[in-house]
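A.B. asks: Below is the file model_22.txt, with compact mmCIF, C-alpha atoms and all ligand atoms.
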```
# COMPACT_ATOMS: atom_id res chain seq x y z
CA MET A 1 349.29 -45.33 148.66
CA ASN A 2 349.97 -48.18 151.09
CA ALA A 3 352.96 -49.08 153.26
CA VAL A 4 354.64 -51.16 150.57
CA SER A 5 353.80 -49.38 147.31
CA ARG A 6 355.75 -46.63 145.57
CA PRO A 7 355.08 -43.45 147.52
CA ASP A 8 352.64 -41.10 145.79
CA LEU A 9 355.13 -38.26 145.42
CA TYR A 10 352.37 -35.64 145.34
CA ALA A 11 350.86 -36.90 148.61
CA ILE A 12 354.04 -36.90 150.72
CA GLU A 13 353.41 -35.06 153.98
CA GLY A 14 355.69 -33.20 156.36
CA LEU A 15 357.67 -31.14 153.82
CA ASP A 16 357.38 -27.44 153.06
CA SER A 17 356.20 -26.65 149.55
CA THR A 18 359.64 -25.79 148.09
CA HIS A 19 361.20 -28.97 149.39
CA HIS A 20 358.16 -30.97 148.32
CA LYS A 21 358.48 -29.66 144.75
CA ALA A 22 362.16 -30.66 144.69
CA VAL A 23 361.33 -34.17 145.94
CA VAL A 24 358.62 -34.57 143.28
CA ALA A 25 360.97 -33.37 140.52
CA LEU A 26 363.86 -35.63 141.58
CA GLY A 27 361.49 -38.56 142.23
CA GLU A 28 359.95 -38.28 138.78
CA PHE A 29 363.44 -37.97 137.29
CA ALA A 30 364.36 -41.24 139.05
CA ARG A 31 361.30 -43.04 137.71
CA ASP A 32 361.28 -41.61 134.18
CA ARG A 33 364.96 -41.07 133.38
CA VAL A 34 367.11 -43.18 135.73
CA ALA A 35 365.13 -46.45 135.91
CA PRO A 36 364.79 -47.11 132.16
CA THR A 37 368.56 -46.72 131.58
CA ALA A 38 369.90 -48.65 134.60
CA ARG A 39 370.84 -51.76 132.61
CA ARG A 40 372.96 -49.71 130.18
CA ARG A 41 375.01 -48.18 133.01
CA ASP A 42 375.41 -51.53 134.73
CA SER A 43 376.95 -53.15 131.66
CA ALA A 44 379.17 -50.20 130.64
CA ALA A 45 382.97 -50.36 130.98
CA ILE A 46 384.43 -49.97 134.51
CA GLY A 47 384.43 -46.40 135.72
CA THR A 48 382.08 -45.11 133.00
CA VAL A 49 379.92 -42.25 134.23
CA ASP A 50 376.60 -41.36 132.61
CA TRP A 51 377.51 -37.67 132.47
CA ASP A 52 374.39 -36.65 130.54
CA LEU A 53 372.19 -38.04 133.28
CA VAL A 54 374.37 -36.48 135.99
CA GLU A 55 373.90 -33.15 134.21
CA GLU A 56 370.12 -33.67 134.23
CA ALA A 57 370.31 -34.42 137.95
CA ARG A 58 372.41 -31.27 138.47
CA GLN A 59 369.77 -29.13 136.76
CA LEU A 60 367.21 -30.45 139.26
CA GLY A 61 369.51 -29.68 142.21
CA GLY A 62 370.70 -33.28 142.70
CA LEU A 63 374.31 -32.22 143.37
CA ARG A 64 373.36 -29.65 146.04
CA MET A 65 370.50 -31.36 147.84
CA GLY A 66 371.76 -30.89 151.41
CA ILE A 67 373.38 -27.47 150.89
CA PRO A 68 371.33 -24.75 152.65
CA GLU A 69 369.19 -22.47 150.50
CA ASP A 70 371.15 -19.33 151.49
CA LEU A 71 374.26 -20.96 149.99
CA GLY A 72 372.45 -21.83 146.76
CA GLY A 73 371.39 -25.39 147.62
CA LEU A 74 368.01 -27.10 147.89
CA GLY A 75 368.27 -27.21 151.70
CA LEU A 76 366.66 -30.65 151.93
CA GLY A 77 366.41 -32.17 155.39
CA ASN A 78 366.68 -35.85 156.20
CA LEU A 79 363.04 -36.67 155.43
CA ALA A 80 363.14 -35.08 151.97
CA LEU A 81 366.55 -36.60 151.23
CA GLY A 82 365.29 -40.02 152.25
CA TYR A 83 362.37 -39.86 149.82
CA VAL A 84 364.69 -38.83 146.97
CA MET A 85 367.21 -41.57 147.77
CA GLU A 86 364.54 -44.28 148.04
CA GLU A 87 363.29 -43.33 144.56
CA LEU A 88 366.78 -43.12 143.05
CA ALA A 89 367.76 -46.46 144.57
CA ALA A 90 364.57 -48.15 143.36
CA ALA A 91 365.68 -46.96 139.90
CA ASP A 92 369.45 -47.53 140.10
CA PRO A 93 371.33 -47.63 143.42
CA GLY A 94 374.64 -46.99 141.64
CA PHE A 95 373.39 -43.74 140.19
CA ALA A 96 371.95 -42.81 143.60
CA LEU A 97 375.43 -43.27 145.07
CA ILE A 98 377.04 -40.74 142.70
CA LEU A 99 374.76 -38.06 144.16
CA GLY A 100 374.98 -39.52 147.67
CA ALA A 101 378.79 -39.50 147.72
CA THR A 102 378.80 -35.88 146.57
CA GLY A 103 376.46 -35.09 149.47
CA LEU A 104 378.88 -36.95 151.75
CA PHE A 105 381.63 -34.56 150.67
CA HIS A 106 379.39 -31.63 151.70
CA LEU A 107 378.35 -33.05 155.04
CA PRO A 108 381.50 -32.60 157.19
CA LEU A 109 381.75 -29.00 155.95
CA LEU A 110 378.11 -28.34 156.86
CA LEU A 111 378.46 -30.03 160.24
CA SER A 112 381.58 -28.00 161.10
CA GLY A 113 379.71 -24.69 160.91
CA ASP A 114 382.90 -23.16 159.40
CA ARG A 115 381.36 -20.45 157.20
CA ARG A 116 384.58 -19.60 155.33
CA LEU A 117 385.44 -23.18 154.34
CA THR A 118 381.82 -24.03 153.63
CA GLU A 119 381.26 -21.05 151.35
CA SER A 120 384.45 -21.56 149.37
CA TYR A 121 384.19 -25.32 148.90
CA LEU A 122 380.43 -25.61 148.40
CA ALA A 123 380.14 -22.76 145.89
CA PRO A 124 381.40 -24.90 142.95
CA PHE A 125 378.48 -27.30 143.52
CA THR A 126 375.88 -24.58 143.10
CA GLY A 127 377.17 -23.31 139.74
CA ASP A 128 376.13 -24.36 136.26
CA THR A 129 378.63 -27.14 135.62
CA VAL A 130 378.83 -30.65 137.01
CA ILE A 131 381.31 -31.01 139.90
CA LEU A 132 381.42 -34.20 141.96
CA GLY A 133 382.78 -34.70 145.44
CA CYS A 134 383.78 -37.68 147.53
CA ASN A 135 384.36 -38.57 151.16
CA ALA A 136 387.51 -40.61 151.73
CA VAL A 137 387.65 -42.56 154.98
CA ALA A 138 388.20 -46.22 154.05
CA GLU A 139 391.58 -47.83 153.43
CA GLU A 140 392.87 -51.37 152.87
CA LEU A 141 393.04 -52.09 156.59
CA ASN A 142 391.12 -49.46 158.57
CA GLY A 143 387.48 -50.80 158.17
CA MET A 144 385.83 -51.02 161.59
CA ASP A 145 388.77 -49.13 163.19
CA VAL A 146 387.32 -45.85 161.91
CA VAL A 147 383.70 -46.78 162.66
CA ARG A 148 383.91 -47.85 166.32
CA ARG A 149 385.79 -45.48 168.60
CA GLU A 150 387.01 -48.27 170.89
CA HIS A 151 388.82 -49.81 167.89
CA ALA A 152 390.79 -46.62 167.25
CA GLU A 153 394.00 -47.52 169.03
CA TYR A 154 394.24 -50.80 167.07
CA ALA A 155 394.20 -49.17 163.62
CA VAL A 156 397.32 -49.77 161.52
CA ASP A 157 398.82 -48.17 158.41
CA ILE A 158 396.35 -45.30 158.44
CA THR A 159 396.81 -42.17 156.30
CA THR A 160 398.85 -39.68 158.32
CA ALA A 161 398.93 -35.91 158.64
CA ARG A 162 402.25 -34.36 159.74
CA GLN A 163 402.19 -30.72 160.79
CA ASP A 164 404.76 -28.56 158.99
CA GLY A 165 404.37 -24.89 159.86
CA ASP A 166 401.02 -23.64 158.63
CA HIS A 167 400.44 -26.78 156.57
CA TYR A 168 399.78 -30.47 157.12
CA VAL A 169 401.53 -33.03 154.93
CA ILE A 170 399.16 -35.90 154.07
CA ARG A 171 400.49 -39.32 153.18
CA GLY A 172 398.50 -42.51 152.60
CA ARG A 173 396.21 -44.47 150.32
CA LYS A 174 392.41 -44.42 150.47
CA LYS A 175 390.46 -47.28 148.93
CA PHE A 176 386.86 -48.16 147.95
CA ILE A 177 386.00 -44.45 147.61
CA THR A 178 382.84 -43.71 145.60
CA ASN A 179 383.47 -41.01 142.94
CA ALA A 180 387.27 -41.08 143.57
CA PRO A 181 388.13 -41.51 139.88
CA VAL A 182 386.15 -38.42 138.85
CA ALA A 183 385.60 -36.17 141.87
CA ARG A 184 387.19 -32.72 142.00
CA PHE A 185 387.17 -32.38 145.82
CA ALA A 186 387.43 -34.78 148.75
CA THR A 187 386.88 -34.66 152.46
CA VAL A 188 389.65 -36.89 153.78
CA MET A 189 390.20 -38.48 157.19
CA ALA A 190 393.83 -38.69 158.30
CA ASN A 191 395.51 -39.40 161.64
CA ILE A 192 397.69 -36.64 163.03
CA GLU A 193 401.15 -38.12 163.59
CA GLY A 194 402.02 -39.04 167.15
CA ASN A 195 398.53 -40.32 168.03
CA PRO A 196 398.21 -44.12 168.25
CA GLY A 197 396.12 -45.97 165.66
CA SER A 198 393.33 -43.69 164.46
CA THR A 199 392.92 -41.80 167.77
CA GLY A 200 394.16 -38.60 166.10
CA LEU A 201 391.59 -38.69 163.31
CA THR A 202 391.19 -35.29 161.62
CA CYS A 203 389.13 -34.26 158.61
CA PHE A 204 390.68 -32.23 155.76
CA VAL A 205 389.15 -30.73 152.65
CA ILE A 206 391.40 -31.38 149.66
CA ASP A 207 391.32 -30.29 146.03
CA LEU A 208 392.17 -33.44 144.08
CA GLU A 209 394.06 -31.38 141.49
CA TRP A 210 396.73 -30.43 144.07
CA ASP A 211 400.31 -31.69 143.72
CA GLY A 212 400.90 -35.14 145.14
CA VAL A 213 397.36 -36.47 144.64
CA VAL A 214 397.25 -39.57 142.44
CA ARG A 215 394.13 -41.44 141.41
CA GLY A 216 394.99 -45.12 141.81
CA GLU A 217 393.07 -48.21 140.77
CA THR A 218 389.48 -47.86 139.58
CA HIS A 219 387.63 -50.74 141.22
CA ASP A 220 385.73 -53.37 139.21
CA LYS A 221 382.78 -53.68 141.59
CA VAL A 222 380.19 -56.48 141.62
CA GLY A 223 377.30 -54.05 142.06
CA TYR A 224 376.57 -50.32 142.08
CA ARG A 225 378.42 -50.29 138.79
CA ALA A 226 376.99 -46.94 137.70
CA ALA A 227 379.05 -45.28 140.45
CA PRO A 228 382.79 -45.14 139.79
CA ALA A 229 384.93 -46.04 142.80
CA GLY A 230 388.63 -46.31 143.42
CA GLU A 231 391.78 -45.34 145.27
CA LEU A 232 393.14 -41.93 146.16
CA ILE A 233 396.86 -41.82 146.87
CA PHE A 234 398.29 -38.89 148.82
CA ASN A 235 402.05 -38.55 148.25
CA ASP A 236 403.03 -35.86 150.79
CA VAL A 237 400.19 -33.56 149.76
CA ARG A 238 400.60 -30.14 151.40
CA VAL A 239 397.27 -28.98 152.79
CA PRO A 240 396.88 -25.55 154.46
CA ALA A 241 396.08 -25.85 158.18
CA GLU A 242 393.00 -23.72 157.50
CA ASN A 243 391.60 -26.69 155.50
CA VAL A 244 391.11 -28.71 158.66
CA ILE A 245 387.35 -29.19 159.00
CA GLY A 246 386.32 -28.60 162.61
CA ASP A 247 389.16 -29.00 165.10
CA PRO A 248 392.41 -30.91 164.68
CA LEU A 249 391.78 -34.30 166.37
CA GLY A 250 388.03 -33.66 165.92
CA GLY A 251 387.64 -36.29 163.20
CA TRP A 252 385.97 -38.88 165.39
CA ASP A 253 383.15 -36.56 166.44
CA LEU A 254 382.55 -35.57 162.83
CA ASN A 255 382.74 -39.18 161.67
CA VAL A 256 380.22 -40.38 164.22
CA THR A 257 377.70 -37.58 163.57
CA GLN A 258 378.10 -37.93 159.83
CA GLY A 259 377.66 -41.71 160.11
CA ASN A 260 374.43 -41.33 162.10
CA LEU A 261 372.96 -39.00 159.46
CA CYS A 262 374.15 -41.08 156.51
CA ARG A 263 372.64 -44.22 157.96
CA ILE A 264 369.20 -42.69 157.43
CA THR A 265 369.71 -42.08 153.70
CA CYS A 266 371.46 -45.45 153.40
CA ALA A 267 368.40 -47.11 154.96
CA ALA A 268 366.23 -45.28 152.42
CA ILE A 269 368.49 -46.60 149.63
CA SER A 270 368.11 -50.15 150.95
CA THR A 271 364.34 -49.68 151.17
CA GLY A 272 364.36 -48.68 147.49
CA ILE A 273 366.24 -51.88 146.60
CA ALA A 274 363.87 -54.01 148.70
CA ARG A 275 360.84 -52.31 147.13
CA HIS A 276 362.13 -52.83 143.61
CA SER A 277 362.59 -56.55 144.32
CA LEU A 278 359.05 -56.78 145.73
CA GLU A 279 357.68 -55.09 142.59
CA HIS A 280 359.43 -57.67 140.39
CA GLY A 281 358.19 -60.55 142.55
CA LEU A 282 354.62 -59.25 142.59
CA GLN A 283 354.49 -58.70 138.87
CA TRP A 284 355.65 -62.20 137.98
CA SER A 285 353.52 -63.82 140.68
CA THR A 286 350.37 -62.34 139.19
CA GLU A 287 351.31 -63.34 135.60
CA ARG A 288 352.73 -66.82 136.00
CA ARG A 289 350.27 -69.73 136.23
CA GLN A 290 351.22 -73.07 137.77
CA THR A 291 348.78 -75.97 138.26
CA GLY A 292 345.85 -73.77 137.28
CA LYS A 293 346.56 -70.92 139.69
CA VAL A 294 348.65 -67.77 139.56
CA LEU A 295 351.86 -68.05 141.55
CA TYR A 296 350.78 -65.88 144.48
CA GLU A 297 347.83 -68.20 145.16
CA HIS A 298 350.27 -70.95 146.06
CA GLN A 299 350.82 -70.64 149.79
CA MET A 300 354.60 -70.83 149.77
CA SER A 301 354.80 -68.03 147.19
CA ALA A 302 352.27 -66.02 149.18
CA ARG A 303 354.50 -66.33 152.23
CA LYS A 304 357.48 -65.03 150.27
CA LEU A 305 355.53 -62.02 149.04
CA ALA A 306 354.13 -61.28 152.50
CA ASP A 307 357.59 -61.45 154.08
CA MET A 308 358.95 -59.13 151.38
CA ALA A 309 356.10 -56.67 151.88
CA ALA A 310 356.58 -56.68 155.65
CA ARG A 311 360.26 -55.85 155.18
CA VAL A 312 359.55 -52.94 152.84
CA ALA A 313 356.94 -51.55 155.23
CA SER A 314 359.14 -51.87 158.32
CA SER A 315 362.23 -50.48 156.55
CA ARG A 316 360.33 -47.45 155.30
CA ALA A 317 358.66 -46.82 158.64
CA LEU A 318 362.03 -46.96 160.41
CA TRP A 319 363.93 -44.66 158.04
CA ILE A 320 361.06 -42.15 158.12
CA GLU A 321 360.98 -42.22 161.93
CA ALA A 322 364.77 -41.73 162.07
CA ALA A 323 364.64 -38.90 159.52
CA LYS A 324 361.85 -37.05 161.32
CA LYS A 325 363.71 -37.30 164.60
CA ALA A 326 367.03 -36.21 163.07
CA ASP A 327 365.31 -33.21 161.46
CA VAL A 328 364.37 -31.78 164.86
CA THR A 329 366.87 -33.23 167.34
CA LEU A 330 370.39 -32.35 168.41
CA PRO A 331 372.65 -34.15 168.95
CA VAL A 332 371.80 -36.27 165.92
CA PRO A 333 370.08 -39.48 167.12
CA GLU A 334 372.13 -42.65 167.06
CA LEU A 335 369.72 -45.48 167.83
CA GLU A 336 366.99 -44.83 165.24
CA PRO A 337 369.37 -44.53 162.24
CA ALA A 338 371.19 -47.72 163.28
CA LEU A 339 367.91 -49.64 163.69
CA ALA A 340 366.65 -48.37 160.34
CA LYS A 341 369.83 -49.30 158.50
CA LEU A 342 370.09 -52.75 160.10
CA VAL A 343 366.51 -53.66 159.14
CA ALA A 344 366.60 -52.10 155.65
CA ASP A 345 369.98 -53.60 154.67
CA GLU A 346 368.75 -57.07 155.60
CA ALA A 347 365.49 -56.38 153.72
CA ALA A 348 367.39 -55.49 150.55
CA VAL A 349 369.26 -58.83 150.55
CA PHE A 350 366.24 -60.89 151.65
CA ASN A 351 363.88 -59.38 149.09
CA SER A 352 366.26 -59.67 146.15
CA ASN A 353 366.88 -63.29 147.12
CA MET A 354 363.11 -64.00 147.30
CA ALA A 355 362.44 -62.23 144.00
CA MET A 356 365.14 -64.33 142.31
CA SER A 357 363.39 -67.42 143.63
CA LEU A 358 359.91 -66.30 142.48
CA LEU A 359 361.14 -65.38 139.00
CA GLY A 360 362.92 -68.68 138.39
CA ALA A 361 365.38 -69.03 135.51
CA ARG A 362 364.51 -65.67 133.92
CA SER A 363 365.97 -63.90 136.99
CA PHE A 364 369.27 -65.69 136.30
CA GLN A 365 369.72 -64.07 132.87
CA ARG A 366 371.96 -61.05 132.42
CA THR A 367 369.09 -59.44 130.51
CA ASN A 368 366.83 -59.47 133.59
CA ASP A 369 366.89 -56.57 136.00
CA MET A 370 366.77 -58.83 139.07
CA GLU A 371 370.30 -60.15 138.71
CA ARG A 372 371.58 -56.54 138.82
CA ILE A 373 369.46 -55.81 141.87
CA LEU A 374 370.71 -58.97 143.58
CA ARG A 375 374.31 -57.77 143.10
CA ASP A 376 373.44 -54.24 144.21
CA SER A 377 371.66 -55.50 147.33
CA PHE A 378 374.92 -56.62 148.96
CA GLY A 379 376.53 -53.15 148.89
CA PRO A 380 374.60 -51.60 151.81
CA ARG A 381 375.76 -54.33 154.21
CA ILE A 382 379.32 -53.09 153.77
CA TYR A 383 379.25 -49.26 153.83
CA GLU A 384 378.27 -46.86 156.64
CA GLY A 385 378.12 -49.65 159.21
CA SER A 386 378.02 -53.38 158.55
CA PRO A 387 375.30 -55.40 160.35
CA GLU A 388 377.93 -56.25 162.96
CA ALA A 389 378.90 -52.59 163.52
CA LEU A 390 375.23 -51.60 163.73
CA ALA A 391 374.50 -54.44 166.14
CA LEU A 392 377.30 -53.29 168.44
CA THR A 393 375.96 -49.71 168.39
CA ILE A 394 372.35 -50.77 169.00
CA THR A 395 373.28 -53.13 171.82
CA ASP A 396 375.46 -50.48 173.48
CA LEU A 397 372.57 -48.04 173.42
CA ILE A 398 369.76 -50.33 174.57
CA THR A 399 371.77 -51.87 177.38
CA ARG A 400 372.61 -48.38 178.68
CA GLN A 401 368.94 -47.39 179.13
C1 LIG A 501 379.40 -49.75 147.43
C2 LIG A 501 380.41 -49.22 148.40
C3 LIG A 501 380.67 -47.86 148.45
C4 LIG A 501 381.62 -47.36 149.35
N1 LIG A 501 381.89 -46.01 149.34
C5 LIG A 501 382.79 -45.50 150.22
C6 LIG A 501 383.09 -44.10 150.24
O1 LIG A 501 382.55 -43.31 149.46
N2 LIG A 501 384.00 -43.66 151.15
C7 LIG A 501 384.63 -44.49 152.04
O2 LIG A 501 385.42 -44.03 152.84
N3 LIG A 501 384.39 -45.81 152.00
C8 LIG A 501 383.49 -46.35 151.14
N4 LIG A 501 383.25 -47.69 151.11
C9 LIG A 501 384.06 -48.58 151.94
C10 LIG A 501 383.40 -48.94 153.27
O3 LIG A 501 383.29 -47.80 154.07
C11 LIG A 501 384.24 -50.03 153.93
O4 LIG A 501 384.18 -51.15 153.09
C12 LIG A 501 383.70 -50.33 155.32
O5 LIG A 501 384.12 -49.33 156.21
C13 LIG A 501 384.13 -51.68 155.86
O6 LIG A 501 385.51 -51.83 155.81
P1 LIG A 501 386.14 -53.15 155.18
O7 LIG A 501 385.51 -53.40 153.89
O8 LIG A 501 387.61 -53.01 155.24
O9 LIG A 501 385.66 -54.32 156.15
P2 LIG A 501 386.38 -54.87 157.47
O10 LIG A 501 386.50 -53.78 158.48
O11 LIG A 501 387.60 -55.62 157.09
O12 LIG A 501 385.27 -55.87 158.01
C14 LIG A 501 385.10 -57.18 157.43
C15 LIG A 501 383.99 -57.89 158.19
O13 LIG A 501 384.39 -58.09 159.54
C16 LIG A 501 383.38 -57.59 160.39
N5 LIG A 501 383.98 -57.06 161.62
C17 LIG A 501 385.03 -56.18 161.72
N6 LIG A 501 385.26 -55.91 163.02
C18 LIG A 501 384.33 -56.59 163.76
C19 LIG A 501 384.00 -56.68 165.15
N7 LIG A 501 384.69 -56.03 166.08
N8 LIG A 501 382.98 -57.48 165.51
C20 LIG A 501 382.25 -58.14 164.59
N9 LIG A 501 382.50 -58.09 163.27
C21 LIG A 501 383.52 -57.32 162.85
C22 LIG A 501 382.68 -56.50 159.59
O14 LIG A 501 381.38 -56.26 160.07
C23 LIG A 501 382.67 -57.10 158.21
O15 LIG A 501 381.58 -57.98 158.08
C24 LIG A 501 382.31 -48.23 150.23
C25 LIG A 501 382.03 -49.60 150.18
C26 LIG A 501 381.11 -50.10 149.29
C27 LIG A 501 380.85 -51.59 149.25
```
If you convert what's in this file into structure tokens, what do you get?
Ligand SMILES: Cc1cc2nc3c(=O)[nH]c(=O)nc-3n(C[C@H](O)[C@H](O)[C@H](O)COP(=O)(O)OP(=O)(O)OC[C@H]3O[C@@H](n4cnc5c(N)ncnc54)[C@H](O)[C@@H]3O)c2cc1C
C.D. replies:
Amino acid sequence: MNAVSRPDLYAIEGLDSTHHKAVVALGEFARDRVAPTARRRDSAAIGTVDWDLVEEARQLGGLRMGIPEDLGGLGLGNLALGYVMEELAAADPGFALILGATGLFHLPLLLSGDRRLTESYLAPFTGDTVILGCNAVAEELNGMDVVRREHAEYAVDITTARQDGDHYVIRGRKKFITNAPVARFATVMANIEGNPGSTGLTCFVIDLEWDGVVRGETHDKVGYRAAPAGELIFNDVRVPAENVIGDPLGGWDLNVTQGNLCRITCAAISTGIARHSLEHGLQWSTERRQTGKVLYEHQMSARKLADMAARVASSRALWIEAAKKADVTLPVPELEPALAKLVADEAAVFNSNMAMSLLGARSFQRTNDMERILRDSFGPRIYEGSPEALALTITDLITRQ
């Protein structure tokens, strides 16, 4: 195993034997079951879910990866999760996101430490049927205003929560939400009325079968097409006050901690995309002959491959460093996840671009995997912190030291 190749799943270090077995099983599932069928999911009708494959993932624990073992989950930490997500993304980032978004539903509950809410809302994910979750933060206009605290007072038209006795009444429209068309449960960020912008952000756990919940448009995305995404409309949905996750007005703290953790798995996803592109570029560069030499012997192609390899190695090293630190440090680190995601997201786009160039016209055909990967590579630069949001966080932190 070297710094740019597929990890040897059996040789991964730093995991206890139960977690290691789970990573091997899910990693092999990604390579053997998810990768060969990625093209089929990509070209299926909008919103189609490969339920058979989701069921296979469920049987391996893929829908309860971050849930602690005493609650029936796999109890994977950030390092183990990162390895699984890199493998799934190298196979099909869209499919990886179905499992990732379900994990994102779990995360605020787990971070809150609220045993009652956690037990009742996580139990369905440890049973023997497929249940998906989603995490609904984004809206048409809230973007950066729910990522950077100093933007909060400028947020407009955000989903509101009005207190009415022992309930909150939720009203608003969430957009771009992975799994929204098919999820049973959502963790939802809403602003408690009376607080300017998004300064009153509060997290609620909502059953999407409750009265007043409407599933709106299913989005026709450019990439990540295996993962359904869409709107969730809340028409005065009555939510018991006991379904507030953490404290009322505590949404920002949850959002920031959750974001820092997610950035690690997102960086692992981007590393998987960058690695997949490198594999395509390498394969063609050793097959294709031009002027009597294979492509990689031409210096300009060699430079492309070397730059791609350097990006895979640095992305992986950074997400692993962030994961190891997050596994043993509280509060959750902020700098390392942001650095990892910034580098890996850029690597995903750079490497898919270079692989398209190395493969020539064949990469431009709908039948070639690279055009799917090129489309997928742009997703990570939008969610869980754009390069601009990450740059602001990193610069804040390094100028403070
Ligand atoms: C594949 C995918 C899956 C997603 N899944 C989910 C999900 O499950 N749940 C969910 O809640 N959301 C999800 N999202 C939505 C995502 O969280 C939002 O798209 C993201 O928060 C950015 O918001 P926006 O698209 O409105 O961009 P905007 O906030 O409108 O930003 C547009 C551009 O302006 C830049 N910008 C904004 N403010 C500044 C500033 N102050 N300085 C410099 N640049 C700035 C941004 O960096 C960006 O480049 C998903 C998105 C994608 C693409």
A.B. asks: Find the distance between CA of Gly127 (chain A) and CA of Leu26 (chain A) and write it in Å to one decimal.
C.D. replies: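 Those two atoms sit 18.2 Å apart.
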A.B. asks: Find the residues with any atom within 9 Å of (373.5, -42.3, 161.5); use only C-alpha atoms and the coordinates as given in the file, and write the answer as a compact mmCIF listing (two decimals) with C-alpha atoms, in the frame of the given file.
C.D. replies:
```
# COMPACT_ATOMS: atom_id res chain seq x y z
CA VAL A 256 380.22 -40.38 164.22
CA THR A 257 377.70 -37.58 163.57
CA GLN A 258 378.10 -37.93 159.83
CA GLY A 259 377.66 -41.71 160.11
CA ASN A 260 374.43 -41.33 162.10
CA LEU A 261 372.96 -39.00 159.46
CA CYS A 262 374.15 -41.08 156.51
CA ARG A 263 372.64 -44.22 157.96
CA ILE A 264 369.20 -42.69 157.43
CA THR A 265 369.71 -42.08 153.70
CA CYS A 266 371.46 -45.45 153.40
CA ALA A 322 364.77 -41.73 162.07
CA VAL A 332 371.80 -36.27 165.92
CA PRO A 333 370.08 -39.48 167.12
CA GLU A 334 372.13 -42.65 167.06
CA LEU A 335 369.72 -45.48 167.83
CA GLU A 336 366.99 -44.83 165.24
CA PRO A 337 369.37 -44.53 162.24
CA ALA A 338 371.19 -47.72 163.28
CA LYS A 341 369.83 -49.30 158.50
CA GLU A 384 378.27 -46.86 156.64
CA GLY A 385 378.12 -49.65 159.21
```
A.B. asks: Please, what distance in Å, to one decimal, runs between CA of Gln290 (chain A) and CA of Ala313 (chain A)?
C.D. replies: 28.3 Å
A.B. asks: How close does chain A get to ligand LIG 501 (chain A)? List, as a Markdown table, each residue of chain A within 9 Å, its nearest atom pair and the distance in Å to one decimal, counting all atoms listed in the file.
C.D. replies:
```
| residue | atom | partner | partner_atom | distance |
| --- | --- | --- | --- | --- |
| A:Gly94 | CA | A:LIG501 | C1 | 8.0 |
| A:Leu97 | CA | A:LIG501 | C3 | 7.7 |
| A:Gly100 | CA | A:LIG501 | O1 | 8.7 |
| A:Ala101 | CA | A:LIG501 | O1 | 5.6 |
| A:Thr102 | CA | A:LIG501 | O1 | 8.8 |
| A:Leu104 | CA | A:LIG501 | O1 | 7.7 |
| A:Phe105 | CA | A:LIG501 | O1 | 8.9 |
| A:Cys134 | CA | A:LIG501 | O1 | 6.1 |
| A:Asn135 | CA | A:LIG501 | N2 | 5.1 |
| A:Ala136 | CA | A:LIG501 | O2 | 4.2 |
| A:Val137 | CA | A:LIG501 | O2 | 3.4 |
| A:Ala138 | CA | A:LIG501 | O2 | 3.7 |
| A:Glu139 | CA | A:LIG501 | O8 | 6.8 |
| A:Glu140 | CA | A:LIG501 | O8 | 6.0 |
| A:Leu141 | CA | A:LIG501 | O8 | 5.7 |
| A:Asn142 | CA | A:LIG501 | O8 | 6.0 |
| A:Gly143 | CA | A:LIG501 | O10 | 3.2 |
| A:Met144 | CA | A:LIG501 | O10 | 4.2 |
| A:Asp145 | CA | A:LIG501 | O10 | 7.0 |
| A:Val146 | CA | A:LIG501 | O5 | 7.4 |
| A:Val147 | CA | A:LIG501 | O5 | 6.9 |
| A:Arg148 | CA | A:LIG501 | N7 | 8.2 |
| A:His151 | CA | A:LIG501 | N7 | 7.7 |
| A:Lys174 | CA | A:LIG501 | O2 | 7.4 |
| A:Lys175 | CA | A:LIG501 | N3 | 7.0 |
| A:Phe176 | CA | A:LIG501 | N4 | 4.8 |
| A:Ile177 | CA | A:LIG501 | C6 | 3.9 |
| A:Thr178 | CA | A:LIG501 | O1 | 3.9 |
| A:Asn179 | CA | A:LIG501 | O1 | 7.0 |
| A:Ala180 | CA | A:LIG501 | O1 | 7.9 |
| A:Val188 | CA | A:LIG501 | O2 | 8.4 |
| A:Met189 | CA | A:LIG501 | O2 | 8.5 |
| A:Lys221 | CA | A:LIG501 | C1 | 7.8 |
| A:Val222 | CA | A:LIG501 | C1 | 8.9 |
| A:Gly223 | CA | A:LIG501 | C1 | 7.2 |
| A:Tyr224 | CA | A:LIG501 | C1 | 6.1 |
| A:Arg225 | CA | A:LIG501 | C1 | 8.7 |
| A:Ala227 | CA | A:LIG501 | C1 | 8.3 |
| A:Ala229 | CA | A:LIG501 | N1 | 7.2 |
| A:Gly230 | CA | A:LIG501 | N1 | 9.0 |
| A:Asp376 | CA | A:LIG501 | C1 | 8.1 |
| A:Phe378 | CA | A:LIG501 | C27 | 7.8 |
| A:Gly379 | CA | A:LIG501 | C27 | 4.6 |
| A:Pro380 | CA | A:LIG501 | C27 | 6.8 |
| A:Arg381 | CA | A:LIG501 | C27 | 7.6 |
| A:Ile382 | CA | A:LIG501 | C27 | 5.0 |
| A:Tyr383 | CA | A:LIG501 | C10 | 4.2 |
| A:Glu384 | CA | A:LIG501 | O3 | 5.7 |
| A:Gly385 | CA | A:LIG501 | O5 | 6.7 |
| A:Ser386 | CA | A:LIG501 | O14 | 4.7 |
| A:Pro387 | CA | A:LIG501 | O14 | 6.1 |
| A:Glu388 | CA | A:LIG501 | O14 | 4.5 |
| A:Ala389 | CA | A:LIG501 | O14 | 5.6 |
| A:Leu390 | CA | A:LIG501 | O14 | 8.5 |
| A:Ala391 | CA | A:LIG501 | C20 | 8.7 |
| A:Leu392 | CA | A:LIG501 | N8 | 7.6 |
```
